[in-house]
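Pasted below: entry.cif, mmCIF, N, CA and C atoms.
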```
data_start
#
loop_
_atom_site.label_atom_id
_atom_site.label_comp_id
_atom_site.auth_asym_id
_atom_site.auth_seq_id
_atom_site.Cartn_x
_atom_site.Cartn_y
_atom_site.Cartn_z
N MET Y 8 -10.41 7.73 -22.65
CA MET Y 8 -10.50 6.53 -21.84
C MET Y 8 -11.24 6.88 -20.55
N SER Y 9 -12.15 6.03 -20.13
CA SER Y 9 -12.95 6.32 -18.95
C SER Y 9 -12.09 6.23 -17.68
N GLU Y 10 -12.52 6.95 -16.65
CA GLU Y 10 -11.81 6.94 -15.37
C GLU Y 10 -11.77 5.53 -14.77
N GLN Y 11 -12.89 4.81 -14.87
CA GLN Y 11 -12.94 3.45 -14.31
C GLN Y 11 -11.93 2.54 -14.98
N LEU Y 12 -11.75 2.69 -16.28
CA LEU Y 12 -10.78 1.87 -17.00
C LEU Y 12 -9.36 2.23 -16.58
N LYS Y 13 -9.10 3.51 -16.39
CA LYS Y 13 -7.78 3.94 -15.91
C LYS Y 13 -7.50 3.37 -14.52
N TYR Y 14 -8.48 3.46 -13.65
CA TYR Y 14 -8.31 2.93 -12.29
C TYR Y 14 -8.08 1.42 -12.31
N SER Y 15 -8.88 0.72 -13.11
CA SER Y 15 -8.73 -0.74 -13.19
C SER Y 15 -7.38 -1.11 -13.78
N GLY Y 16 -6.93 -0.36 -14.77
CA GLY Y 16 -5.61 -0.62 -15.37
C GLY Y 16 -4.50 -0.42 -14.37
N ALA Y 17 -4.59 0.66 -13.62
CA ALA Y 17 -3.58 0.92 -12.58
C ALA Y 17 -3.63 -0.19 -11.53
N GLY Y 18 -4.84 -0.59 -11.15
CA GLY Y 18 -4.99 -1.68 -10.18
C GLY Y 18 -4.40 -2.98 -10.70
N PHE Y 19 -4.57 -3.25 -11.98
CA PHE Y 19 -4.03 -4.46 -12.59
C PHE Y 19 -2.50 -4.47 -12.50
N VAL Y 20 -1.89 -3.37 -12.89
CA VAL Y 20 -0.42 -3.28 -12.83
C VAL Y 20 0.08 -3.39 -11.39
N VAL Y 21 -0.58 -2.69 -10.49
CA VAL Y 21 -0.19 -2.73 -9.08
C VAL Y 21 -0.40 -4.14 -8.51
N GLY Y 22 -1.46 -4.81 -8.93
CA GLY Y 22 -1.70 -6.19 -8.49
C GLY Y 22 -0.57 -7.11 -8.91
N ILE Y 23 -0.12 -6.97 -10.14
CA ILE Y 23 1.01 -7.79 -10.61
C ILE Y 23 2.25 -7.50 -9.77
N LEU Y 24 2.56 -6.23 -9.57
CA LEU Y 24 3.74 -5.86 -8.79
C LEU Y 24 3.62 -6.32 -7.33
N SER Y 25 2.41 -6.22 -6.78
CA SER Y 25 2.20 -6.64 -5.39
C SER Y 25 2.42 -8.15 -5.24
N GLY Y 26 1.84 -8.92 -6.14
CA GLY Y 26 2.00 -10.36 -6.09
C GLY Y 26 3.43 -10.79 -6.34
N LEU Y 27 4.09 -10.10 -7.25
CA LEU Y 27 5.47 -10.42 -7.60
C LEU Y 27 6.46 -10.07 -6.50
N LEU Y 28 6.26 -8.89 -5.90
CA LEU Y 28 7.22 -8.38 -4.93
C LEU Y 28 6.82 -8.59 -3.47
N GLY Y 29 5.61 -9.09 -3.23
CA GLY Y 29 5.18 -9.35 -1.86
C GLY Y 29 4.92 -8.10 -1.05
N VAL Y 30 4.41 -7.07 -1.71
CA VAL Y 30 4.07 -5.83 -1.01
C VAL Y 30 2.57 -5.62 -1.08
N GLY Y 31 2.05 -4.81 -0.19
CA GLY Y 31 0.62 -4.56 -0.15
C GLY Y 31 0.09 -3.71 -1.28
N GLY Y 32 0.93 -3.02 -1.97
CA GLY Y 32 0.51 -2.20 -3.08
C GLY Y 32 0.52 -0.72 -2.81
N GLY Y 33 0.52 -0.34 -1.53
CA GLY Y 33 0.50 1.07 -1.17
C GLY Y 33 1.68 1.86 -1.68
N ILE Y 34 2.84 1.20 -1.78
CA ILE Y 34 4.01 1.92 -2.27
C ILE Y 34 3.85 2.32 -3.72
N PHE Y 35 2.96 1.63 -4.43
CA PHE Y 35 2.67 2.00 -5.81
C PHE Y 35 1.38 2.79 -5.92
N LEU Y 36 0.35 2.35 -5.21
CA LEU Y 36 -0.97 2.96 -5.35
C LEU Y 36 -1.03 4.40 -4.87
N VAL Y 37 -0.45 4.68 -3.73
CA VAL Y 37 -0.54 6.04 -3.20
C VAL Y 37 0.09 7.06 -4.16
N PRO Y 38 1.32 6.85 -4.62
CA PRO Y 38 1.87 7.82 -5.57
C PRO Y 38 1.07 7.93 -6.87
N ILE Y 39 0.56 6.79 -7.37
CA ILE Y 39 -0.24 6.83 -8.60
C ILE Y 39 -1.52 7.64 -8.39
N MET Y 40 -2.21 7.38 -7.28
CA MET Y 40 -3.47 8.10 -7.03
C MET Y 40 -3.23 9.59 -6.85
N VAL Y 41 -2.20 9.95 -6.11
CA VAL Y 41 -1.93 11.36 -5.85
C VAL Y 41 -1.42 12.07 -7.10
N THR Y 42 -0.48 11.44 -7.80
CA THR Y 42 0.18 12.08 -8.94
C THR Y 42 -0.65 12.07 -10.20
N TYR Y 43 -1.19 10.92 -10.55
CA TYR Y 43 -1.87 10.79 -11.84
C TYR Y 43 -3.38 10.97 -11.78
N PHE Y 44 -3.98 10.68 -10.63
CA PHE Y 44 -5.43 10.79 -10.53
C PHE Y 44 -5.88 11.98 -9.69
N SER Y 45 -4.92 12.77 -9.20
CA SER Y 45 -5.20 13.99 -8.42
C SER Y 45 -6.10 13.73 -7.21
N ILE Y 46 -5.87 12.62 -6.53
CA ILE Y 46 -6.61 12.28 -5.33
C ILE Y 46 -5.82 12.81 -4.14
N THR Y 47 -6.49 13.32 -3.13
CA THR Y 47 -5.79 13.87 -1.98
C THR Y 47 -5.00 12.78 -1.25
N GLN Y 48 -3.96 13.19 -0.57
CA GLN Y 48 -3.09 12.24 0.14
C GLN Y 48 -3.87 11.41 1.15
N HIS Y 49 -4.74 12.04 1.91
CA HIS Y 49 -5.50 11.32 2.92
C HIS Y 49 -6.38 10.24 2.29
N ILE Y 50 -7.09 10.60 1.23
CA ILE Y 50 -7.99 9.64 0.58
C ILE Y 50 -7.17 8.54 -0.11
N ALA Y 51 -6.03 8.91 -0.72
CA ALA Y 51 -5.19 7.92 -1.38
C ALA Y 51 -4.68 6.88 -0.38
N GLN Y 52 -4.24 7.33 0.76
CA GLN Y 52 -3.73 6.39 1.76
C GLN Y 52 -4.83 5.48 2.29
N ALA Y 53 -5.99 6.05 2.57
CA ALA Y 53 -7.11 5.25 3.07
C ALA Y 53 -7.61 4.29 2.01
N THR Y 54 -7.71 4.74 0.77
CA THR Y 54 -8.15 3.88 -0.33
C THR Y 54 -7.16 2.74 -0.55
N SER Y 55 -5.89 3.05 -0.45
CA SER Y 55 -4.85 2.03 -0.60
C SER Y 55 -5.02 0.92 0.43
N MET Y 56 -5.36 1.29 1.66
CA MET Y 56 -5.58 0.29 2.71
C MET Y 56 -6.77 -0.60 2.36
N ALA Y 57 -7.82 -0.02 1.79
CA ALA Y 57 -9.00 -0.82 1.42
C ALA Y 57 -8.68 -1.78 0.28
N VAL Y 58 -7.82 -1.34 -0.63
CA VAL Y 58 -7.45 -2.17 -1.78
C VAL Y 58 -6.55 -3.34 -1.35
N ILE Y 59 -5.81 -3.16 -0.29
CA ILE Y 59 -4.88 -4.20 0.16
C ILE Y 59 -5.64 -5.48 0.55
N ILE Y 60 -6.84 -5.35 1.08
CA ILE Y 60 -7.57 -6.52 1.56
C ILE Y 60 -7.79 -7.55 0.45
N PRO Y 61 -8.46 -7.21 -0.66
CA PRO Y 61 -8.64 -8.23 -1.70
C PRO Y 61 -7.33 -8.65 -2.35
N THR Y 62 -6.42 -7.70 -2.54
CA THR Y 62 -5.12 -8.03 -3.13
C THR Y 62 -4.38 -9.04 -2.28
N ALA Y 63 -4.34 -8.80 -0.99
CA ALA Y 63 -3.63 -9.70 -0.08
C ALA Y 63 -4.31 -11.06 0.00
N LEU Y 64 -5.64 -11.09 0.00
CA LEU Y 64 -6.35 -12.37 0.07
C LEU Y 64 -6.04 -13.24 -1.14
N VAL Y 65 -6.08 -12.65 -2.32
CA VAL Y 65 -5.83 -13.42 -3.54
C VAL Y 65 -4.39 -13.91 -3.60
N SER Y 66 -3.43 -13.02 -3.38
CA SER Y 66 -2.03 -13.44 -3.46
C SER Y 66 -1.68 -14.39 -2.32
N SER Y 67 -2.26 -14.20 -1.15
CA SER Y 67 -2.01 -15.12 -0.03
C SER Y 67 -2.52 -16.52 -0.34
N ALA Y 68 -3.67 -16.59 -0.99
CA ALA Y 68 -4.20 -17.91 -1.36
C ALA Y 68 -3.24 -18.62 -2.32
N VAL Y 69 -2.72 -17.90 -3.28
CA VAL Y 69 -1.78 -18.51 -4.23
C VAL Y 69 -0.49 -18.91 -3.52
N TYR Y 70 0.07 -18.01 -2.70
CA TYR Y 70 1.28 -18.34 -1.95
C TYR Y 70 1.02 -19.53 -1.02
N GLY Y 71 -0.13 -19.54 -0.34
CA GLY Y 71 -0.47 -20.62 0.57
C GLY Y 71 -0.60 -21.95 -0.15
N PHE Y 72 -1.19 -21.93 -1.34
CA PHE Y 72 -1.34 -23.13 -2.15
C PHE Y 72 0.03 -23.76 -2.42
N HIS Y 73 1.04 -22.93 -2.55
CA HIS Y 73 2.40 -23.41 -2.82
C HIS Y 73 3.20 -23.65 -1.54
N GLY Y 74 2.55 -23.48 -0.39
CA GLY Y 74 3.22 -23.76 0.89
C GLY Y 74 4.22 -22.70 1.32
N ASN Y 75 4.01 -21.47 0.90
CA ASN Y 75 4.97 -20.40 1.19
C ASN Y 75 4.53 -19.44 2.28
N ILE Y 76 3.63 -19.86 3.17
CA ILE Y 76 3.18 -18.98 4.25
C ILE Y 76 3.47 -19.64 5.59
N ASP Y 77 4.06 -18.87 6.48
CA ASP Y 77 4.23 -19.30 7.87
C ASP Y 77 2.99 -18.79 8.61
N VAL Y 78 2.01 -19.66 8.80
CA VAL Y 78 0.71 -19.26 9.33
C VAL Y 78 0.83 -18.66 10.73
N GLY Y 79 1.62 -19.26 11.61
CA GLY Y 79 1.79 -18.71 12.96
C GLY Y 79 2.35 -17.30 12.94
N LEU Y 80 3.37 -17.10 12.13
CA LEU Y 80 3.95 -15.77 11.98
C LEU Y 80 2.92 -14.79 11.42
N ALA Y 81 2.17 -15.24 10.40
CA ALA Y 81 1.16 -14.37 9.78
C ALA Y 81 0.09 -13.95 10.78
N VAL Y 82 -0.36 -14.87 11.61
CA VAL Y 82 -1.38 -14.55 12.61
C VAL Y 82 -0.86 -13.51 13.60
N ASN Y 83 0.34 -13.72 14.10
CA ASN Y 83 0.91 -12.77 15.06
C ASN Y 83 1.14 -11.40 14.42
N LEU Y 84 1.65 -11.38 13.21
CA LEU Y 84 1.84 -10.10 12.52
C LEU Y 84 0.50 -9.41 12.26
N ALA Y 85 -0.51 -10.19 11.90
CA ALA Y 85 -1.83 -9.62 11.62
C ALA Y 85 -2.44 -8.97 12.86
N ILE Y 86 -2.30 -9.64 14.00
CA ILE Y 86 -2.83 -9.08 15.25
C ILE Y 86 -2.16 -7.74 15.55
N GLY Y 87 -0.85 -7.72 15.50
CA GLY Y 87 -0.13 -6.47 15.75
C GLY Y 87 -0.44 -5.40 14.72
N SER Y 88 -0.54 -5.81 13.45
CA SER Y 88 -0.82 -4.86 12.37
C SER Y 88 -2.20 -4.23 12.50
N MET Y 89 -3.19 -5.03 12.89
CA MET Y 89 -4.54 -4.48 13.04
C MET Y 89 -4.58 -3.44 14.16
N CYS Y 90 -3.92 -3.73 15.26
CA CYS Y 90 -3.88 -2.76 16.36
C CYS Y 90 -3.14 -1.50 15.92
N GLY Y 91 -1.99 -1.68 15.28
CA GLY Y 91 -1.20 -0.54 14.83
C GLY Y 91 -1.91 0.28 13.76
N ALA Y 92 -2.61 -0.39 12.85
CA ALA Y 92 -3.31 0.32 11.78
C ALA Y 92 -4.43 1.19 12.34
N SER Y 93 -5.08 0.73 13.37
CA SER Y 93 -6.14 1.52 14.00
C SER Y 93 -5.57 2.81 14.57
N ILE Y 94 -4.45 2.69 15.24
CA ILE Y 94 -3.80 3.87 15.81
C ILE Y 94 -3.28 4.78 14.70
N GLY Y 95 -2.62 4.19 13.70
CA GLY Y 95 -2.07 4.97 12.60
C GLY Y 95 -3.13 5.73 11.82
N ALA Y 96 -4.28 5.10 11.60
CA ALA Y 96 -5.37 5.76 10.87
C ALA Y 96 -5.90 6.96 11.65
N ARG Y 97 -5.95 6.83 12.96
CA ARG Y 97 -6.42 7.95 13.79
C ARG Y 97 -5.40 9.10 13.77
N ILE Y 98 -4.13 8.76 13.80
CA ILE Y 98 -3.08 9.79 13.77
C ILE Y 98 -3.07 10.48 12.41
N MET Y 99 -3.24 9.70 11.32
CA MET Y 99 -3.18 10.26 9.98
C MET Y 99 -4.17 11.40 9.79
N LYS Y 100 -5.35 11.28 10.39
CA LYS Y 100 -6.37 12.32 10.23
C LYS Y 100 -5.91 13.67 10.76
N ARG Y 101 -4.93 13.67 11.65
CA ARG Y 101 -4.47 14.92 12.27
C ARG Y 101 -3.25 15.53 11.58
N ILE Y 102 -2.70 14.84 10.59
CA ILE Y 102 -1.48 15.30 9.94
C ILE Y 102 -1.84 15.96 8.61
N PRO Y 103 -1.28 17.15 8.35
CA PRO Y 103 -1.55 17.83 7.07
C PRO Y 103 -1.05 17.00 5.88
N ALA Y 104 -1.71 17.14 4.74
CA ALA Y 104 -1.40 16.35 3.54
C ALA Y 104 0.06 16.48 3.13
N ILE Y 105 0.61 17.67 3.18
CA ILE Y 105 2.01 17.87 2.76
C ILE Y 105 2.96 17.07 3.66
N ARG Y 106 2.67 17.04 4.94
CA ARG Y 106 3.51 16.29 5.88
C ARG Y 106 3.39 14.78 5.62
N LEU Y 107 2.17 14.32 5.28
CA LEU Y 107 1.98 12.90 4.95
C LEU Y 107 2.78 12.53 3.71
N LYS Y 108 2.77 13.40 2.70
CA LYS Y 108 3.55 13.14 1.49
C LYS Y 108 5.03 13.03 1.83
N GLN Y 109 5.50 13.93 2.66
CA GLN Y 109 6.91 13.92 3.04
C GLN Y 109 7.27 12.64 3.81
N LEU Y 110 6.43 12.27 4.76
CA LEU Y 110 6.67 11.05 5.53
C LEU Y 110 6.64 9.81 4.64
N PHE Y 111 5.68 9.77 3.72
CA PHE Y 111 5.57 8.64 2.81
C PHE Y 111 6.81 8.56 1.91
N GLY Y 112 7.23 9.69 1.38
CA GLY Y 112 8.43 9.73 0.54
C GLY Y 112 9.67 9.31 1.31
N LEU Y 113 9.80 9.77 2.54
CA LEU Y 113 10.93 9.39 3.38
C LEU Y 113 10.93 7.89 3.63
N LEU Y 114 9.76 7.33 3.90
CA LEU Y 114 9.65 5.89 4.11
C LEU Y 114 10.12 5.13 2.87
N LEU Y 115 9.67 5.56 1.69
CA LEU Y 115 10.08 4.89 0.45
C LEU Y 115 11.59 4.97 0.25
N ILE Y 116 12.17 6.11 0.55
CA ILE Y 116 13.62 6.27 0.40
C ILE Y 116 14.36 5.35 1.36
N LEU Y 117 13.95 5.33 2.62
CA LEU Y 117 14.63 4.50 3.62
C LEU Y 117 14.51 3.01 3.29
N VAL Y 118 13.33 2.58 2.91
CA VAL Y 118 13.13 1.17 2.57
C VAL Y 118 13.94 0.83 1.32
N GLY Y 119 13.92 1.70 0.33
CA GLY Y 119 14.69 1.47 -0.90
C GLY Y 119 16.19 1.37 -0.61
N LEU Y 120 16.71 2.28 0.21
CA LEU Y 120 18.13 2.24 0.55
C LEU Y 120 18.48 0.96 1.30
N ARG Y 121 17.61 0.59 2.22
CA ARG Y 121 17.85 -0.65 3.00
C ARG Y 121 17.91 -1.87 2.08
N MET Y 122 17.03 -1.90 1.09
CA MET Y 122 17.02 -3.04 0.18
C MET Y 122 18.23 -3.04 -0.75
N VAL Y 123 18.66 -1.88 -1.18
CA VAL Y 123 19.84 -1.79 -2.04
C VAL Y 123 21.08 -2.21 -1.29
N VAL Y 124 21.20 -1.80 -0.04
CA VAL Y 124 22.39 -2.08 0.78
C VAL Y 124 22.45 -3.55 1.20
N SER Y 125 21.31 -4.16 1.48
CA SER Y 125 21.34 -5.55 1.99
C SER Y 125 21.38 -6.59 0.90
#
```
Kindly transcribe the structure held in the file into structure tokens.
Amino acid sequence: MSEQLKYSGAGFVVGILSGLLGVGGGIFLVPIMVTYFSITQHIAQATSMAVIIPTALVSSAVYGFHGNIDVGLAVNLAIGSMCGASIGARIMKRIPAIRLKQLFGLLLILVGLRMVVS
């Protein structure tokens, strides 16, 4: 199977999960890219951010069509997120890959526990 087909297949599955669960896809894409496609942590995280743009636009359009978006909240969150993402991307370049993996794993554990408990 060609690499492009594998990537597209993974993107398809992640797209379904992202639309279904309301996540950007990074929680699925980063581990898939690092584990199954042997992509470095830094590139996986940056690529995941690039993939979020079209994924979010498509699912947001569908959610918006059904009246499920608080536009004012979305605008305010987007402004803060863009500023924070710029800072985070600059910091990421200075962190070793192993430390990024650990931080990402810790984030997944904490978010997962929070969701199970609530």
Under the PyMOL selection byres (((chain Y and resi 63-68 and name CA) around 10) and name CA), which residues of this model are included? Write them out as a VMD selection string. chain Y and resid 22 to 23 25 to 27 29 to 32 58 to 62 69 to 76
As lines of an AutoDock Vina configuration file, please: the centre and edge lengths in Å, to one decimal, of an axis-aligned box enclosing every listed atom of stretch 52-64 of chain Y with 5 Å added on each side.
```
center_x = -6.3
center_y = -3.0
center_z = 0.0
size_x = 15.4
size_y = 30.6
size_z = 16.2
```
So how many Å separate atom CA of Y:Ala92 and atom CA of Y:Ala51, to one decimal? 15.3 Å
Set the distance at 6.5 Å and use only N, CA and C atoms: which residues neighbour Y:Phe35 once local chain neighbours fewer than 4 positions away are removed? I'd like the list as a VMD selection string. chain Y and resid 21 39 to 40
Please return, as a ChimeraX atom specification, all residues of chain Y that DSSP assigns to alpha helix (DSSP H) on the basis of the backbone. /Y:10-28,33-43,48-72,78-99,104-124
